[in-house]
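A.B. asks: To be precise about what I am sending: the file is called structure-v3.tsv and holds TSV, C-alpha atoms.
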chain	number	residue	atom	x	y	z
A	1	MET	CA	38.45	8.87	-8.22
A	2	SER	CA	35.75	9.99	-10.65
A	3	LYS	CA	32.15	10.21	-9.52
A	4	PRO	CA	29.54	7.97	-11.14
A	5	PRO	CA	27.51	9.80	-13.80
A	6	ARG	CA	24.36	11.49	-12.56
A	7	THR	CA	21.10	9.85	-13.54
A	8	ARG	CA	19.32	11.62	-16.39
A	9	PHE	CA	15.67	11.30	-15.44
A	10	ARG	CA	12.83	11.07	-17.94
A	11	SER	CA	9.09	11.50	-18.03
A	12	LEU	CA	7.42	8.14	-17.46
A	13	ASP	CA	3.86	7.13	-16.58
A	14	GLY	CA	2.65	3.77	-15.28
A	15	ILE	CA	2.52	1.35	-12.35
A	16	LEU	CA	5.13	-1.22	-11.38
A	17	LEU	CA	4.22	-4.13	-9.11
A	18	LEU	CA	7.45	-4.53	-7.19
A	19	ASP	CA	8.31	-7.57	-5.07
A	20	LYS	CA	10.04	-5.72	-2.24
A	21	PRO	CA	12.92	-7.68	-0.71
A	22	ARG	CA	13.47	-8.12	3.00
A	23	GLY	CA	15.88	-5.67	4.58
A	24	LEU	CA	14.99	-2.56	2.58
A	25	SER	CA	12.59	0.14	3.62
A	26	SER	CA	9.84	0.96	1.14
A	27	ASN	CA	11.54	4.26	0.33
A	28	GLN	CA	14.91	2.57	-0.27
A	29	ALA	CA	13.24	0.11	-2.65
A	30	LEU	CA	11.42	2.98	-4.37
A	31	GLN	CA	14.62	4.93	-4.94
A	32	ARG	CA	16.38	1.92	-6.46
A	33	VAL	CA	13.50	1.36	-8.85
A	34	ARG	CA	13.22	5.04	-9.70
A	35	HIS	CA	16.88	5.19	-10.72
A	36	LEU	CA	16.66	1.98	-12.73
A	37	PHE	CA	13.75	3.42	-14.72
A	38	ARG	CA	15.19	6.98	-14.65
A	39	ALA	CA	11.72	8.20	-13.70
A	40	GLN	CA	11.36	11.90	-12.92
A	41	LYS	CA	8.53	11.31	-10.48
A	42	ALA	CA	7.72	8.22	-8.42
A	43	GLY	CA	5.89	7.21	-5.26
A	44	HIS	CA	4.82	4.02	-3.53
A	45	THR	CA	1.43	3.12	-2.13
A	46	GLY	CA	1.36	1.70	1.36
A	47	SER	CA	4.66	1.23	3.18
A	48	LEU	CA	6.06	-2.18	4.02
A	49	ASP	CA	8.38	-2.58	7.00
A	50	PRO	CA	12.01	-3.54	6.24
A	51	LEU	CA	11.27	-7.07	7.52
A	52	ALA	CA	8.36	-7.47	5.09
A	53	THR	CA	8.44	-8.69	1.49
A	54	GLY	CA	5.92	-8.73	-1.32
A	55	LEU	CA	3.77	-6.40	-3.32
A	56	LEU	CA	4.69	-2.72	-3.25
A	57	PRO	CA	2.90	-0.82	-6.04
A	58	VAL	CA	5.17	1.91	-7.39
A	59	CYS	CA	3.52	4.74	-9.29
A	60	PHE	CA	5.46	6.70	-11.90
A	61	GLY	CA	4.57	10.13	-13.26
A	62	GLU	CA	0.84	10.75	-13.62
A	63	ALA	CA	0.04	7.51	-11.79
A	64	THR	CA	1.11	9.23	-8.54
A	65	LYS	CA	-2.21	11.13	-8.75
A	66	ILE	CA	-4.14	7.95	-7.93
A	67	ALA	CA	-1.72	6.67	-5.27
A	68	GLY	CA	-3.91	7.98	-2.43
A	69	GLY	CA	-6.76	5.73	-3.51
A	70	LEU	CA	-4.51	2.68	-3.60
A	71	LEU	CA	-3.33	3.45	-0.06
A	72	GLY	CA	-6.84	2.85	1.20
A	73	ALA	CA	-7.36	-0.39	-0.69
A	74	ARG	CA	-7.98	-3.84	0.77
A	75	LYS	CA	-4.78	-5.89	1.23
A	76	ALA	CA	-3.79	-9.49	1.96
A	77	TYR	CA	-0.79	-10.89	3.81
A	78	ASP	CA	0.74	-14.15	4.93
A	79	THR	CA	2.57	-13.87	8.23
A	80	VAL	CA	4.39	-16.05	10.74
A	81	ALA	CA	3.76	-15.29	14.43
A	82	ARG	CA	6.44	-16.23	16.94
A	83	LEU	CA	4.75	-16.93	20.27
A	84	GLY	CA	6.26	-16.34	23.69
A	85	ILE	CA	8.33	-13.19	23.03
A	86	VAL	CA	7.11	-9.57	22.92
A	87	THR	CA	9.33	-6.97	21.21
A	88	ASP	CA	9.26	-3.18	21.25
A	89	THR	CA	8.45	-3.03	17.53
A	90	ASP	CA	6.05	-6.01	17.57
A	91	ASP	CA	8.27	-7.77	15.02
A	92	ALA	CA	11.59	-9.61	14.85
A	93	GLU	CA	13.49	-6.39	14.08
A	94	GLY	CA	12.87	-5.06	17.58
A	95	GLN	CA	14.36	-5.61	21.02
A	96	PRO	CA	12.77	-8.29	23.25
A	97	LEU	CA	10.79	-6.80	26.10
A	98	ARG	CA	9.62	-9.94	27.88
A	99	GLU	CA	9.47	-13.68	27.40
A	100	ARG	CA	6.77	-16.02	28.67
A	101	PRO	CA	6.17	-19.75	28.39
A	102	VAL	CA	3.79	-20.81	25.66
A	103	PRO	CA	0.86	-22.77	27.13
A	104	ALA	CA	-0.57	-25.89	25.58
A	105	LEU	CA	-2.83	-24.58	22.82
A	106	SER	CA	-5.52	-26.30	20.81
A	107	ILE	CA	-6.64	-25.38	17.31
A	108	ASP	CA	-10.05	-24.43	18.75
A	109	ALA	CA	-8.44	-22.02	21.22
A	110	ILE	CA	-6.36	-20.41	18.46
A	111	ASP	CA	-9.37	-20.09	16.15
A	112	THR	CA	-11.42	-18.50	18.94
A	113	ALA	CA	-8.71	-15.88	19.52
A	114	LEU	CA	-8.49	-15.20	15.79
A	115	ARG	CA	-12.26	-14.71	15.46
A	116	ALA	CA	-12.20	-12.13	18.26
A	117	LEU	CA	-9.75	-10.08	16.17
A	118	THR	CA	-11.83	-10.26	12.98
A	119	GLY	CA	-14.37	-7.73	11.75
A	120	ARG	CA	-14.60	-4.07	12.72
A	121	ILE	CA	-12.25	-3.92	15.70
A	122	ARG	CA	-10.36	-1.37	17.76
A	123	GLN	CA	-6.61	-1.55	17.38
A	124	ARG	CA	-3.70	0.29	18.99
A	125	PRO	CA	-1.01	0.86	16.33
A	126	PRO	CA	2.60	0.01	17.22
A	127	ILE	CA	4.64	2.84	18.75
A	128	TYR	CA	7.27	2.17	16.08
A	129	SER	CA	5.11	3.26	13.17
A	130	ALA	CA	5.03	5.98	10.53
A	131	LEU	CA	1.97	7.60	12.07
A	132	LYS	CA	2.70	11.25	12.75
A	133	ARG	CA	2.17	13.38	15.80
A	134	GLY	CA	3.13	17.03	15.70
A	135	GLY	CA	4.43	16.49	12.17
A	136	GLU	CA	6.92	13.81	13.28
A	137	PRO	CA	6.66	10.02	12.86
A	138	LEU	CA	6.05	8.12	16.07
A	139	TYR	CA	9.07	5.88	15.43
A	140	ALA	CA	11.35	8.93	15.64
A	141	LYS	CA	10.00	9.79	19.09
A	142	ALA	CA	10.25	6.16	20.22
A	143	ARG	CA	13.88	5.90	19.07
A	144	ARG	CA	14.74	8.95	21.20
A	145	GLY	CA	13.31	7.14	24.21
A	146	GLU	CA	10.27	9.39	24.54
A	147	VAL	CA	7.14	7.95	26.08
A	148	VAL	CA	4.72	7.47	23.19
A	149	GLU	CA	1.01	7.05	23.85
A	150	VAL	CA	-0.92	5.72	20.88
A	151	GLU	CA	-4.71	5.91	20.81
A	152	GLU	CA	-6.80	3.00	19.64
A	153	ARG	CA	-8.68	3.36	16.38
A	154	GLU	CA	-11.19	1.33	14.42
A	155	VAL	CA	-9.91	-0.86	11.59
A	156	ASP	CA	-11.42	-3.53	9.35
A	157	VAL	CA	-10.05	-7.07	9.49
A	158	HIS	CA	-11.85	-9.09	6.82
A	159	ALA	CA	-10.00	-12.34	7.50
A	160	PHE	CA	-7.57	-13.53	10.18
A	161	GLU	CA	-7.08	-17.25	9.72
A	162	LEU	CA	-4.78	-20.03	10.80
A	163	GLN	CA	-2.94	-21.67	7.91
A	164	ALA	CA	-0.67	-24.02	9.86
A	165	ALA	CA	0.34	-24.74	13.45
A	166	ALA	CA	2.47	-27.82	12.87
A	167	ASP	CA	5.61	-26.10	14.21
A	168	LEU	CA	3.86	-25.49	17.52
A	169	LEU	CA	1.83	-28.68	17.86
A	170	ASP	CA	4.76	-30.94	16.97
A	171	ALA	CA	6.75	-29.49	19.89
A	172	GLY	CA	8.98	-27.58	17.52
A	173	GLN	CA	9.28	-23.81	17.25
A	174	PRO	CA	6.30	-21.90	18.74
A	175	LEU	CA	5.18	-20.55	15.37
A	176	LEU	CA	1.77	-19.94	13.83
A	177	ARG	CA	1.34	-19.40	10.12
A	178	LEU	CA	-1.51	-16.98	9.48
A	179	HIS	CA	-3.41	-15.30	6.65
A	180	VAL	CA	-4.72	-11.74	6.96
A	181	GLU	CA	-7.02	-9.64	4.78
A	182	CYS	CA	-7.59	-6.12	6.02
A	183	GLY	CA	-8.49	-2.55	5.18
A	184	SER	CA	-6.57	0.69	5.30
A	185	GLY	CA	-4.69	1.55	8.49
A	186	THR	CA	-4.55	-1.99	9.87
A	187	TYR	CA	-1.22	-3.12	11.29
A	188	VAL	CA	-0.51	-6.85	11.00
A	189	ARG	CA	2.14	-6.41	13.71
A	190	ALA	CA	-0.55	-5.16	16.08
A	191	LEU	CA	-2.88	-8.04	15.17
A	192	VAL	CA	-0.17	-10.57	15.98
A	193	ARG	CA	0.72	-8.74	19.19
A	194	ASP	CA	-2.92	-8.80	20.32
A	195	LEU	CA	-3.29	-12.45	19.32
A	196	GLY	CA	-0.32	-13.30	21.52
A	197	GLU	CA	-1.91	-11.53	24.47
A	198	ALA	CA	-5.20	-13.35	23.88
A	199	LEU	CA	-3.30	-16.66	23.95
A	200	GLY	CA	-1.60	-15.68	27.20
A	201	CYS	CA	2.01	-15.69	26.04
A	202	GLY	CA	2.63	-12.67	23.82
A	203	ALA	CA	3.83	-12.78	20.22
A	204	HIS	CA	5.60	-10.87	17.48
A	205	VAL	CA	5.81	-11.03	13.68
A	206	ALA	CA	8.69	-13.22	12.53
A	207	GLU	CA	7.87	-13.05	8.80
A	208	LEU	CA	5.46	-10.97	6.72
A	209	ARG	CA	4.62	-11.03	3.03
A	210	ARG	CA	2.05	-8.88	1.25
A	211	LEU	CA	0.23	-10.98	-1.35
A	212	TRP	CA	-2.04	-8.48	-3.07
A	213	VAL	CA	-3.56	-5.02	-2.93
A	214	ASP	CA	-6.82	-4.12	-4.61
A	215	PRO	CA	-7.25	-3.94	-7.56
A	216	PHE	CA	-4.15	-6.11	-8.13
A	217	ARG	CA	-5.51	-9.44	-6.87
A	218	GLU	CA	-3.30	-11.71	-9.01
A	219	PRO	CA	-0.21	-9.59	-9.48
A	220	LYS	CA	2.77	-10.37	-11.66
A	221	LEU	CA	5.59	-9.16	-9.39
A	222	TRP	CA	9.02	-7.96	-10.46
A	223	THR	CA	12.04	-8.36	-8.17
A	224	LEU	CA	14.94	-5.91	-8.11
A	225	ASP	CA	17.12	-8.63	-9.67
A	226	ASP	CA	14.57	-9.05	-12.50
A	227	LEU	CA	14.60	-5.32	-13.18
A	228	GLN	CA	18.39	-5.02	-12.97
A	229	ALA	CA	18.75	-7.77	-15.57
A	230	LEU	CA	16.25	-6.08	-17.87
A	231	ALA	CA	17.96	-2.71	-17.43
A	232	GLY	CA	21.16	-4.23	-18.78
A	233	ARG	CA	19.35	-4.98	-22.04
A	234	GLY	CA	17.82	-1.54	-22.53
A	235	GLU	CA	14.89	0.49	-21.28
A	236	ARG	CA	12.30	-0.95	-23.66
A	237	GLY	CA	12.32	-4.17	-21.67
A	238	LEU	CA	11.99	-2.27	-18.42
A	239	ASP	CA	9.10	-0.19	-19.72
A	240	ALA	CA	7.27	-3.36	-20.75
A	241	CYS	CA	6.98	-4.23	-17.03
A	242	LEU	CA	4.74	-1.23	-16.39
A	243	LEU	CA	0.98	-1.40	-16.18
A	244	PRO	CA	-1.05	1.51	-17.61
A	245	VAL	CA	-2.43	4.09	-15.23
A	246	GLU	CA	-5.94	2.77	-15.93
A	247	SER	CA	-5.06	-0.56	-14.29
A	248	GLY	CA	-4.99	1.12	-10.89
A	249	MET	CA	-8.38	2.79	-11.22
A	250	ALA	CA	-10.71	-0.19	-10.90
A	251	SER	CA	-11.69	0.78	-7.34
A	252	TRP	CA	-13.45	3.95	-8.50
A	253	PRO	CA	-16.82	3.93	-10.29
A	254	GLU	CA	-16.36	4.99	-13.92
A	255	VAL	CA	-18.05	7.90	-15.66
A	256	GLU	CA	-17.65	8.75	-19.34
A	257	VAL	CA	-17.47	12.27	-20.75
A	258	ASP	CA	-17.51	13.53	-24.33
A	259	ALA	CA	-14.94	15.86	-25.86
A	260	ALA	CA	-16.78	19.06	-24.91
A	261	GLN	CA	-17.24	17.95	-21.32
A	262	ALA	CA	-13.58	16.89	-21.12
A	263	ALA	CA	-12.56	20.35	-22.33
A	264	ARG	CA	-14.57	22.04	-19.59
A	265	LEU	CA	-13.19	19.74	-16.92
A	266	SER	CA	-9.64	20.49	-18.09
A	267	TYR	CA	-10.20	24.14	-17.15
A	268	GLY	CA	-11.55	23.30	-13.73
A	269	GLN	CA	-15.21	23.72	-14.66
A	270	GLN	CA	-17.96	21.39	-13.49
A	271	VAL	CA	-20.17	19.69	-16.06
A	272	SER	CA	-23.73	18.46	-15.94
A	273	GLY	CA	-25.00	15.21	-17.35
A	274	GLY	CA	-26.81	13.33	-14.63
A	275	PHE	CA	-23.64	11.51	-13.61
A	276	ARG	CA	-23.90	8.63	-11.16
A	277	PRO	CA	-23.06	7.46	-8.56
A	278	PRO	CA	-22.42	10.36	-6.17
A	279	GLY	CA	-18.92	10.50	-4.70
A	280	PRO	CA	-15.41	9.96	-6.06
A	281	VAL	CA	-15.26	8.65	-9.63
A	282	ALA	CA	-12.76	7.81	-12.38
A	283	ILE	CA	-13.29	9.90	-15.51
A	284	PHE	CA	-12.85	8.29	-18.93
A	285	ASP	CA	-13.22	9.52	-22.49
A	286	PRO	CA	-15.25	7.57	-25.11
A	287	ARG	CA	-12.10	5.73	-26.25
A	288	GLY	CA	-11.60	4.27	-22.76
A	289	ARG	CA	-8.64	6.45	-21.83
A	290	ALA	CA	-8.58	7.67	-18.24
A	291	LEU	CA	-8.62	11.44	-17.80
A	292	GLY	CA	-8.30	11.49	-14.01
A	293	LEU	CA	-10.37	11.60	-10.86
A	294	GLY	CA	-13.49	13.62	-10.15
A	295	GLU	CA	-16.38	14.02	-7.73
A	296	VAL	CA	-20.09	13.68	-8.51
A	297	ASP	CA	-22.48	15.65	-6.28
A	298	GLY	CA	-26.08	14.85	-5.36
A	299	ASP	CA	-27.38	16.74	-8.40
A	300	GLY	CA	-25.32	14.71	-10.85
A	301	LEU	CA	-22.76	17.46	-11.48
A	302	LEU	CA	-19.20	16.28	-12.13
A	303	ARG	CA	-16.30	18.30	-10.74
A	304	PRO	CA	-12.64	17.61	-11.58
A	305	GLN	CA	-10.33	16.65	-8.73
A	306	ARG	CA	-7.01	15.33	-10.07
A	307	LEU	CA	-6.76	15.23	-13.85
A	308	PHE	CA	-3.89	13.71	-15.78
A	309	SER	CA	-1.68	15.98	-17.86
A	310	TRP	CA	-3.05	14.65	-21.14
A	311	ALA	CA	-6.57	15.65	-20.05
A	312	CYS	CA	-5.49	19.28	-19.67
A	313	THR	CA	-4.60	19.93	-23.29
A	314	GLN	CA	-8.07	20.28	-24.78
A	315	PRO	CA	-8.02	22.73	-27.72
A	316	ASP	CA	-11.60	24.04	-27.69
A	317	VAL	CA	-12.83	25.40	-24.38
A	318	PRO	CA	-16.19	27.11	-23.83
A	319	ALA	CA	-16.48	30.37	-21.97
A	320	ALA	CA	-15.88	30.28	-18.24
A	321	GLY	CA	-18.99	29.38	-16.29
A	322	ALA	CA	-20.58	27.49	-19.18
A	323	ARG	CA	-22.05	24.05	-18.61
Starting from the file, give its structure as structure tokens.

C.D. replies:
Amino acid sequence: MSKPPRTRFRSLDGILLLDKPRGLSSNQALQRVRHLFRAQKAGHTGSLDPLATGLLPVCFGEATKIAGGLLGARKAYDTVARLGIVTDTDDAEGQPLRERPVPALSIDAIDTALRALTGRIRQRPPIYSALKRGGEPLYAKARRGEVVEVEEREVDVHAFELQAAADLLDAGQPLLRLHVECGSGTYVRALVRDLGEALGCGAHVAELRRLWVDPFREPKLWTLDDLQALAGRGERGLDACLLPVESGMASWPEVEVDAAQAARLSYGQQVSGGFRPPGPVAIFDPRGRALGLGEVDGDGLLRPQRLFSWACTQPDVPAAGAR
């Protein structure tokens, strides 16, 4: 039996807003998309659990250089909490640890518990998580049966709100439908777990969907089926799904440099010009094309951090050390 032909990868730059399906890990979804696009280099920003669906930004080529900034962006989710059962993973994929009766709950009591988990809070991440200790993910240790102690850490929960409780209040399934907006490092599974404890019955995530990630607040999402259908008609249709690298840079303040300054930056030199504000910035040329990421110090000097390949091909470069 002959082997399928090996994928011939190509250079490709841009951002795909993938609608990750349930049942795939983020890396499995990434690899499928990478092979569909035949992209030499690809990475995703912010893992979604296999149970979760929704927005998974996939960065191709030079866009991988801004992926770290997207990881720390504000995100929004809709989730369904199943009350009364605690699992080892804090979601429906895990093994039940204990079951408790669900008490009679009012909307006021639920809202009070939600408010206590909103703002700058301390959260203990799930033991089944990708956080690393000693260079190894915690989930690998947990799967081996090792005792895993996870320290609490501060996270930002901008919104934790009840959308519907009809399932619970109508004596149906003990489900709460919730909306979450949070910052980097926040685990929705842990929020739901802690909500269940506050309500006196425990809880786990039954469903989870990521709605948006800054700066993609109203994303046009592409499913794997969408992309597979487009791939059958040629790569031009696939490539039309990609957003430019610049679309992912809205979270950084912009600074503009001229051709001479761009040339110096391309050789790793800092440039003066009274740049503002201090801190990480997105560097653009006068035509509005992004050149990469930089850092502005307190004196207004701009230093290159991660420049795109097209920014590193400047023909006329001043002598080293020049400003």

A.B. asks: In Å, rounded to a single decimal, give me how far CA of Ala164 (chain A) is from CA of Ile110 (chain A).

C.D. replies: 10.9 Å

A.B. asks: Name the residues in contact with Val80 (chain A) at a cut-off of 12 Å, using all atoms listed in the file, excluding same-chain residues fewer than 4 positions from it; report them as number ranges by chain.

C.D. replies: A: 51-52, 91-92, 161-165, 167-168, 173-180, 188-189, 191-193, 203-209

A.B. asks: Do a neighbour search on region 231-248 of chain A at 10 Å with all atoms listed in the file, toss out local chain neighbours closer than 3 positions, and write the hits as an mmCIF file with C-alpha atoms, keeping the file's coordinate frame.

C.D. replies:
data_model
loop_
_atom_site.group_PDB
_atom_site.id
_atom_site.type_symbol
_atom_site.label_atom_id
_atom_site.label_comp_id
_atom_site.auth_asym_id
_atom_site.auth_seq_id
_atom_site.Cartn_x
_atom_site.Cartn_y
_atom_site.Cartn_z
ATOM 1 C CA LEU A 12 7.420 8.140 -17.460
ATOM 2 C CA ASP A 13 3.860 7.130 -16.580
ATOM 3 C CA GLY A 14 2.650 3.770 -15.280
ATOM 4 C CA ILE A 15 2.520 1.350 -12.350
ATOM 5 C CA LEU A 16 5.130 -1.220 -11.380
ATOM 6 C CA LEU A 17 4.220 -4.130 -9.110
ATOM 7 C CA LEU A 18 7.450 -4.530 -7.190
ATOM 8 C CA LEU A 36 16.660 1.980 -12.730
ATOM 9 C CA PHE A 37 13.750 3.420 -14.720
ATOM 10 C CA ARG A 38 15.190 6.980 -14.650
ATOM 11 C CA PRO A 57 2.900 -0.820 -6.040
ATOM 12 C CA VAL A 58 5.170 1.910 -7.390
ATOM 13 C CA CYS A 59 3.520 4.740 -9.290
ATOM 14 C CA PHE A 60 5.460 6.700 -11.900
ATOM 15 C CA GLY A 61 4.570 10.130 -13.260
ATOM 16 C CA GLU A 62 0.840 10.750 -13.620
ATOM 17 C CA ALA A 63 0.040 7.510 -11.790
ATOM 18 C CA THR A 64 1.110 9.230 -8.540
ATOM 19 C CA LYS A 65 -2.210 11.130 -8.750
ATOM 20 C CA ILE A 66 -4.140 7.950 -7.930
ATOM 21 C CA ALA A 67 -1.720 6.670 -5.270
ATOM 22 C CA GLY A 69 -6.760 5.730 -3.510
ATOM 23 C CA LEU A 70 -4.510 2.680 -3.600
ATOM 24 C CA ASP A 214 -6.820 -4.120 -4.610
ATOM 25 C CA PRO A 215 -7.250 -3.940 -7.560
ATOM 26 C CA PHE A 216 -4.150 -6.110 -8.130
ATOM 27 C CA LYS A 220 2.770 -10.370 -11.660
ATOM 28 C CA LEU A 221 5.590 -9.160 -9.390
ATOM 29 C CA TRP A 222 9.020 -7.960 -10.460
ATOM 30 C CA ASP A 225 17.120 -8.630 -9.670
ATOM 31 C CA ASP A 226 14.570 -9.050 -12.500
ATOM 32 C CA LEU A 227 14.600 -5.320 -13.180
ATOM 33 C CA GLN A 228 18.390 -5.020 -12.970
ATOM 34 C CA SER A 251 -11.690 0.780 -7.340
ATOM 35 C CA TRP A 252 -13.450 3.950 -8.500
ATOM 36 C CA ALA A 282 -12.760 7.810 -12.380
ATOM 37 C CA PHE A 284 -12.850 8.290 -18.930
ATOM 38 C CA GLY A 288 -11.600 4.270 -22.760
ATOM 39 C CA ARG A 289 -8.640 6.450 -21.830
ATOM 40 C CA ALA A 290 -8.580 7.670 -18.240
ATOM 41 C CA LEU A 291 -8.620 11.440 -17.800
ATOM 42 C CA GLY A 292 -8.300 11.490 -14.010
ATOM 43 C CA PHE A 308 -3.890 13.710 -15.780
#

A.B. asks: Counting only C-alpha atoms, which residue out of A:Leu30, A:Val102, A:Val281, A:Val157 sits closest to Cys182 (chain A)?

C.D. replies: A:Val157

A.B. asks: From the options A:Ala250, A:Ala42, A:Ala116, A:Ala262, which residue's atoms come nearest to Arg217 (chain A), counting only C-alpha atoms?

C.D. replies: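 Among A:Ala250, A:Ala42, A:Ala116, A:Ala262, it is A:Ala250 that comes nearest to Arg217 (chain A).
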
A.B. asks: Which one is closest to Gly202 (chain A): A:Asp156, A:Glu181, A:Glu99, A:Glu149? Count all atoms listed in the file.

C.D. replies: A:Glu99

A.B. asks: Of the candidates A:Arg124, A:Arg264, A:Lys20, A:Arg287, which one gets nearest to Leu55 (chain A) if we count only C-alpha atoms?

C.D. replies: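 Once distances to Leu55 (chain A) are computed over only C-alpha atoms, the minimum belongs to A:Lys20.
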